[in-house]
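**Q** Below you'll find model_7.cif; it's mmCIF, N, CA and C atoms.
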```
data_final
loop_
_atom_site.group_PDB
_atom_site.id
_atom_site.type_symbol
_atom_site.label_atom_id
_atom_site.label_comp_id
_atom_site.auth_asym_id
_atom_site.auth_seq_id
_atom_site.Cartn_x
_atom_site.Cartn_y
_atom_site.Cartn_z
ATOM 1 N N MET W 1 -31.666 -111.602 -73.575
ATOM 2 C CA MET W 1 -32.302 -110.318 -73.767
ATOM 3 C C MET W 1 -33.462 -110.414 -74.752
ATOM 4 N N LYS W 2 -33.267 -111.195 -75.821
ATOM 5 C CA LYS W 2 -34.329 -111.334 -76.811
ATOM 6 C C LYS W 2 -35.554 -112.009 -76.213
ATOM 7 N N SER W 3 -35.362 -112.954 -75.311
ATOM 8 C CA SER W 3 -36.499 -113.653 -74.721
ATOM 9 C C SER W 3 -37.320 -112.710 -73.838
ATOM 10 N N LYS W 4 -36.678 -111.759 -73.149
ATOM 11 C CA LYS W 4 -37.411 -110.788 -72.340
ATOM 12 C C LYS W 4 -38.230 -109.860 -73.218
ATOM 13 N N THR W 5 -37.665 -109.428 -74.327
ATOM 14 C CA THR W 5 -38.385 -108.570 -75.265
ATOM 15 C C THR W 5 -39.566 -109.316 -75.867
ATOM 16 N N PHE W 6 -39.349 -110.564 -76.228
ATOM 17 C CA PHE W 6 -40.428 -111.376 -76.792
ATOM 18 C C PHE W 6 -41.543 -111.567 -75.771
ATOM 19 N N LEU W 7 -41.190 -111.842 -74.534
ATOM 20 C CA LEU W 7 -42.167 -112.038 -73.469
ATOM 21 C C LEU W 7 -42.966 -110.759 -73.232
ATOM 22 N N PHE W 8 -42.280 -109.638 -73.165
ATOM 23 C CA PHE W 8 -42.947 -108.356 -72.964
ATOM 24 C C PHE W 8 -43.907 -108.055 -74.112
ATOM 25 N N THR W 9 -43.461 -108.261 -75.336
ATOM 26 C CA THR W 9 -44.297 -108.012 -76.514
ATOM 27 C C THR W 9 -45.521 -108.920 -76.510
ATOM 28 N N THR W 10 -45.336 -110.187 -76.184
ATOM 29 C CA THR W 10 -46.434 -111.138 -76.129
ATOM 30 C C THR W 10 -47.452 -110.738 -75.066
ATOM 31 N N LEU W 11 -46.974 -110.341 -73.891
ATOM 32 C CA LEU W 11 -47.869 -109.906 -72.824
ATOM 33 C C LEU W 11 -48.628 -108.645 -73.217
ATOM 34 N N LEU W 12 -47.954 -107.706 -73.858
ATOM 35 C CA LEU W 12 -48.591 -106.471 -74.292
ATOM 36 C C LEU W 12 -49.690 -106.745 -75.318
ATOM 37 N N ILE W 13 -49.412 -107.593 -76.282
ATOM 38 C CA ILE W 13 -50.413 -107.949 -77.294
ATOM 39 C C ILE W 13 -51.598 -108.656 -76.640
ATOM 40 N N GLY W 14 -51.319 -109.531 -75.694
ATOM 41 C CA GLY W 14 -52.392 -110.228 -74.988
ATOM 42 C C GLY W 14 -53.270 -109.283 -74.197
ATOM 43 N N MET W 15 -52.653 -108.307 -73.532
ATOM 44 C CA MET W 15 -53.434 -107.327 -72.771
ATOM 45 C C MET W 15 -54.300 -106.480 -73.687
ATOM 46 N N LEU W 16 -53.742 -106.044 -74.815
ATOM 47 C CA LEU W 16 -54.524 -105.244 -75.763
ATOM 48 C C LEU W 16 -55.693 -106.038 -76.325
ATOM 49 N N ALA W 17 -55.464 -107.305 -76.615
ATOM 50 C CA ALA W 17 -56.548 -108.159 -77.115
ATOM 51 C C ALA W 17 -57.622 -108.338 -76.046
ATOM 52 N N GLY W 18 -57.203 -108.477 -74.802
ATOM 53 C CA GLY W 18 -58.157 -108.624 -73.704
ATOM 54 C C GLY W 18 -59.003 -107.378 -73.523
ATOM 55 N N PHE W 19 -58.382 -106.196 -73.576
ATOM 56 C CA PHE W 19 -59.133 -104.955 -73.442
ATOM 57 C C PHE W 19 -60.078 -104.751 -74.618
ATOM 58 N N SER W 20 -59.708 -105.216 -75.789
ATOM 59 C CA SER W 20 -60.566 -105.077 -76.958
ATOM 60 C C SER W 20 -61.812 -105.936 -76.842
ATOM 61 N N ALA W 21 -61.739 -106.995 -76.032
ATOM 62 C CA ALA W 21 -62.889 -107.873 -75.855
ATOM 63 C C ALA W 21 -63.917 -107.262 -74.907
ATOM 64 N N ILE W 22 -63.501 -106.297 -74.078
ATOM 65 C CA ILE W 22 -64.425 -105.639 -73.149
ATOM 66 C C ILE W 22 -65.185 -104.561 -73.912
ATOM 67 N N LYS W 23 -66.511 -104.641 -73.864
ATOM 68 C CA LYS W 23 -67.331 -103.643 -74.547
ATOM 69 C C LYS W 23 -68.104 -102.826 -73.519
ATOM 70 N N VAL W 24 -68.273 -101.556 -73.817
ATOM 71 C CA VAL W 24 -68.984 -100.639 -72.928
ATOM 72 C C VAL W 24 -69.984 -99.817 -73.732
ATOM 73 N N ASP W 25 -70.992 -99.291 -73.027
ATOM 74 C CA ASP W 25 -71.963 -98.400 -73.654
ATOM 75 C C ASP W 25 -71.445 -96.973 -73.611
ATOM 76 N N VAL W 26 -71.630 -96.253 -74.698
ATOM 77 C CA VAL W 26 -71.275 -94.838 -74.784
ATOM 78 C C VAL W 26 -72.479 -94.108 -75.357
ATOM 79 N N CYS W 27 -72.852 -93.005 -74.707
ATOM 80 C CA CYS W 27 -73.902 -92.143 -75.247
ATOM 81 C C CYS W 27 -73.228 -91.238 -76.267
ATOM 82 N N HIS W 28 -73.454 -91.534 -77.532
ATOM 83 C CA HIS W 28 -72.816 -90.817 -78.641
ATOM 84 C C HIS W 28 -73.775 -89.729 -79.100
ATOM 85 N N ASN W 29 -73.386 -88.477 -78.910
ATOM 86 C CA ASN W 29 -74.262 -87.345 -79.210
ATOM 87 C C ASN W 29 -73.762 -86.626 -80.450
ATOM 88 N N VAL W 30 -74.471 -86.835 -81.568
ATOM 89 C CA VAL W 30 -74.119 -86.210 -82.831
ATOM 90 C C VAL W 30 -75.268 -85.291 -83.242
ATOM 91 N N ASN W 31 -74.975 -84.024 -83.465
ATOM 92 C CA ASN W 31 -75.978 -83.036 -83.877
ATOM 93 C C ASN W 31 -77.185 -83.027 -82.949
ATOM 94 N N ASN W 32 -76.928 -83.075 -81.652
ATOM 95 C CA ASN W 32 -77.965 -83.083 -80.624
ATOM 96 C C ASN W 32 -78.938 -84.245 -80.803
ATOM 97 N N ASN W 33 -78.432 -85.375 -81.270
ATOM 98 C CA ASN W 33 -79.225 -86.594 -81.462
ATOM 99 C C ASN W 33 -78.516 -87.736 -80.721
ATOM 100 N N PRO W 34 -78.669 -87.788 -79.388
ATOM 101 C CA PRO W 34 -77.943 -88.810 -78.629
ATOM 102 C C PRO W 34 -78.478 -90.215 -78.870
ATOM 103 N N HIS W 35 -77.574 -91.147 -79.025
ATOM 104 C CA HIS W 35 -77.947 -92.554 -79.145
ATOM 105 C C HIS W 35 -76.838 -93.403 -78.518
ATOM 106 N N THR W 36 -77.233 -94.532 -77.959
ATOM 107 C CA THR W 36 -76.289 -95.402 -77.262
ATOM 108 C C THR W 36 -75.619 -96.346 -78.242
ATOM 109 N N ILE W 37 -74.295 -96.420 -78.156
ATOM 110 C CA ILE W 37 -73.534 -97.381 -78.950
ATOM 111 C C ILE W 37 -72.757 -98.278 -77.991
ATOM 112 N N ASN W 38 -72.538 -99.518 -78.367
ATOM 113 C CA ASN W 38 -71.788 -100.475 -77.562
ATOM 114 C C ASN W 38 -70.513 -100.796 -78.322
ATOM 115 N N ILE W 39 -69.378 -100.324 -77.793
ATOM 116 C CA ILE W 39 -68.110 -100.443 -78.516
ATOM 117 C C ILE W 39 -67.015 -100.950 -77.579
ATOM 118 N N ALA W 40 -65.918 -101.397 -78.182
ATOM 119 C CA ALA W 40 -64.771 -101.903 -77.422
ATOM 120 C C ALA W 40 -64.178 -100.787 -76.566
ATOM 121 N N LEU W 41 -63.612 -101.157 -75.441
ATOM 122 C CA LEU W 41 -63.068 -100.198 -74.486
ATOM 123 C C LEU W 41 -62.072 -99.217 -75.109
ATOM 124 N N PRO W 42 -61.099 -99.671 -75.921
ATOM 125 C CA PRO W 42 -60.177 -98.697 -76.527
ATOM 126 C C PRO W 42 -60.892 -97.702 -77.443
ATOM 127 N N ALA W 43 -61.914 -98.154 -78.155
ATOM 128 C CA ALA W 43 -62.679 -97.252 -79.022
ATOM 129 C C ALA W 43 -63.482 -96.259 -78.186
ATOM 130 N N ALA W 44 -63.967 -96.699 -77.026
ATOM 131 C CA ALA W 44 -64.723 -95.804 -76.149
ATOM 132 C C ALA W 44 -63.834 -94.674 -75.648
ATOM 133 N N VAL W 45 -62.609 -95.012 -75.287
ATOM 134 C CA VAL W 45 -61.668 -93.983 -74.820
ATOM 135 C C VAL W 45 -61.436 -92.960 -75.931
ATOM 136 N N ALA W 46 -61.231 -93.435 -77.152
ATOM 137 C CA ALA W 46 -61.019 -92.531 -78.291
ATOM 138 C C ALA W 46 -62.256 -91.663 -78.530
ATOM 139 N N HIS W 47 -63.454 -92.248 -78.439
ATOM 140 C CA HIS W 47 -64.695 -91.489 -78.632
ATOM 141 C C HIS W 47 -64.815 -90.375 -77.605
ATOM 142 N N LEU W 48 -64.553 -90.695 -76.344
ATOM 143 C CA LEU W 48 -64.701 -89.699 -75.287
ATOM 144 C C LEU W 48 -63.696 -88.554 -75.446
ATOM 145 N N ILE W 49 -62.534 -88.854 -76.012
ATOM 146 C CA ILE W 49 -61.536 -87.818 -76.247
ATOM 147 C C ILE W 49 -61.920 -86.955 -77.445
ATOM 148 N N GLN W 50 -62.407 -87.575 -78.517
ATOM 149 C CA GLN W 50 -62.674 -86.863 -79.768
ATOM 150 C C GLN W 50 -64.011 -86.135 -79.797
ATOM 151 N N HIS W 51 -65.009 -86.628 -79.073
ATOM 152 C CA HIS W 51 -66.355 -86.055 -79.126
ATOM 153 C C HIS W 51 -66.728 -85.540 -77.740
ATOM 154 N N GLU W 52 -66.695 -84.219 -77.555
ATOM 155 C CA GLU W 52 -66.915 -83.683 -76.216
ATOM 156 C C GLU W 52 -68.345 -83.885 -75.728
ATOM 157 N N GLY W 53 -69.309 -84.127 -76.607
ATOM 158 C CA GLY W 53 -70.693 -84.352 -76.195
ATOM 159 C C GLY W 53 -70.983 -85.786 -75.788
ATOM 160 N N ASP W 54 -70.032 -86.688 -75.980
ATOM 161 C CA ASP W 54 -70.232 -88.099 -75.634
ATOM 162 C C ASP W 54 -70.008 -88.328 -74.145
ATOM 163 N N SER W 55 -70.654 -89.382 -73.613
ATOM 164 C CA SER W 55 -70.452 -89.735 -72.212
ATOM 165 C C SER W 55 -70.509 -91.249 -72.071
ATOM 166 N N LEU W 56 -69.891 -91.738 -71.017
ATOM 167 C CA LEU W 56 -69.874 -93.172 -70.744
ATOM 168 C C LEU W 56 -71.233 -93.591 -70.203
ATOM 169 N N GLY W 57 -71.758 -94.703 -70.682
ATOM 170 C CA GLY W 57 -73.058 -95.209 -70.239
ATOM 171 C C GLY W 57 -74.130 -94.983 -71.285
ATOM 172 N N THR W 58 -75.328 -95.467 -70.975
ATOM 173 C CA THR W 58 -76.439 -95.315 -71.918
ATOM 174 C C THR W 58 -76.990 -93.898 -71.853
ATOM 175 N N CYS W 59 -77.615 -93.474 -72.938
ATOM 176 C CA CYS W 59 -78.248 -92.160 -72.978
ATOM 177 C C CYS W 59 -79.512 -92.195 -72.125
ATOM 178 N N LYS W 60 -79.839 -91.098 -71.476
ATOM 179 C CA LYS W 60 -81.001 -91.048 -70.593
ATOM 180 C C LYS W 60 -82.286 -91.343 -71.345
ATOM 181 N N ASP W 61 -82.451 -90.800 -72.556
ATOM 182 C CA ASP W 61 -83.654 -91.052 -73.346
ATOM 183 C C ASP W 61 -83.760 -92.521 -73.725
ATOM 184 N N ALA W 62 -82.618 -93.150 -74.014
ATOM 185 C CA ALA W 62 -82.627 -94.570 -74.376
ATOM 186 C C ALA W 62 -83.065 -95.415 -73.188
ATOM 187 N N GLN W 63 -82.675 -95.026 -71.974
ATOM 188 C CA GLN W 63 -83.098 -95.762 -70.780
ATOM 189 C C GLN W 63 -84.605 -95.664 -70.616
ATOM 190 N N LYS W 64 -85.188 -94.481 -70.833
ATOM 191 C CA LYS W 64 -86.634 -94.310 -70.717
ATOM 192 C C LYS W 64 -87.353 -95.157 -71.761
ATOM 193 N N ASP W 65 -86.827 -95.172 -72.988
ATOM 194 C CA ASP W 65 -87.430 -95.977 -74.051
ATOM 195 C C ASP W 65 -87.403 -97.452 -73.684
ATOM 196 N N ASP W 66 -86.291 -97.936 -73.117
ATOM 197 C CA ASP W 66 -86.176 -99.338 -72.716
ATOM 198 C C ASP W 66 -87.173 -99.665 -71.621
ATOM 199 N N GLU W 67 -87.356 -98.746 -70.660
ATOM 200 C CA GLU W 67 -88.298 -98.979 -69.563
ATOM 201 C C GLU W 67 -89.722 -99.075 -70.086
ATOM 202 N N VAL W 68 -90.068 -98.225 -71.043
ATOM 203 C CA VAL W 68 -91.414 -98.248 -71.621
ATOM 204 C C VAL W 68 -91.648 -99.578 -72.330
ATOM 205 N N LEU W 69 -90.646 -100.048 -73.081
ATOM 206 C CA LEU W 69 -90.789 -101.315 -73.785
ATOM 207 C C LEU W 69 -90.912 -102.483 -72.823
ATOM 208 N N GLU W 70 -90.172 -102.435 -71.705
ATOM 209 C CA GLU W 70 -90.224 -103.525 -70.728
ATOM 210 C C GLU W 70 -91.571 -103.576 -70.021
ATOM 211 N N ASN W 71 -92.217 -102.439 -69.827
ATOM 212 C CA ASN W 71 -93.489 -102.404 -69.100
ATOM 213 C C ASN W 71 -94.687 -102.783 -69.966
ATOM 214 N N LYS W 72 -94.512 -102.880 -71.267
ATOM 215 C CA LYS W 72 -95.628 -103.243 -72.162
ATOM 216 C C LYS W 72 -95.826 -104.738 -72.190
#
```
Written as structure tokens, how would this file's structure read?
**A**
Amino acid sequence: MKSKTFLFTTLLIGMLAGFSAIKVDVCHNVNNNPHTINIALPAAVAHLIQHEGDSLGTCKDAQKDDEVLENK
């Protein structure tokens, strides 16, 4: 029984570590000042729950700024 618990715990820790390695872009909107942040997947989920103005992906203004820089 102890070996099954140990195996389950080890697998769970490994999965959490794997998800923490995945980073995603979040459009973080604070005081109507949206900016893109790149954070770990678990942190992104927490951000989207806690900040109703946030969204998954880059901010639209940031995409336009990147396009302007690429065309110069």
**Q** Using only N, CA and C atoms, determine which residues lie at most 5 Å from Ala40 (chain W), disregarding the query and same-chain residues fewer than 4 positions distant; provide the list as number ranges by chain.
**A** W: 22-24, 44
**Q** Can you pull out the residues contacting region 28-35 of chain W? Cut-off 6.5 Å, using all atoms listed in the file, and skip same-chain residues under 3 positions away; I want them as a list in words.
**A**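 Neighbouring residues, sequence-local ones excluded: Gly53, Asp54, Ser55 and Cys59 of chain W.
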**Q** Pick from W:Thr36, W:Met15, W:Phe6, W:Ala21: nearest to Lys60 (chain W), with all atoms listed in the file counted?
**A**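 Distance minimum relative to Lys60 (chain W) lands on W:Thr36.
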**Q** To one decimal in Å, tell me the separation between atom C of Thr5 (chain W) and atom N of Ala17 (chain W).
**A**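 Distance between the two atoms: 16.0 Å.
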**Q** Rounded to one decimal, what separation in Å do you get between CA of His47 (chain W) and CA of Cys27 (chain W)?
**A**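 If I compute the distance from CA of His47 (chain W) to CA of Cys27 (chain W), I get 9.8 Å.
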**Q** Quote the spacing between CA of Thr10 (chain W) and CA of Pro42 (chain W) in Å to one decimal place.
**A**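 It comes out at 18.5 Å.
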**Q** So, counting only N, CA and C atoms, which residue among W:Leu16, W:Phe8, W:Asp25, W:Gln50 is closest to Ile37 (chain W)?
**A**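 Closest to Ile37 (chain W) of all the choices is W:Asp25.
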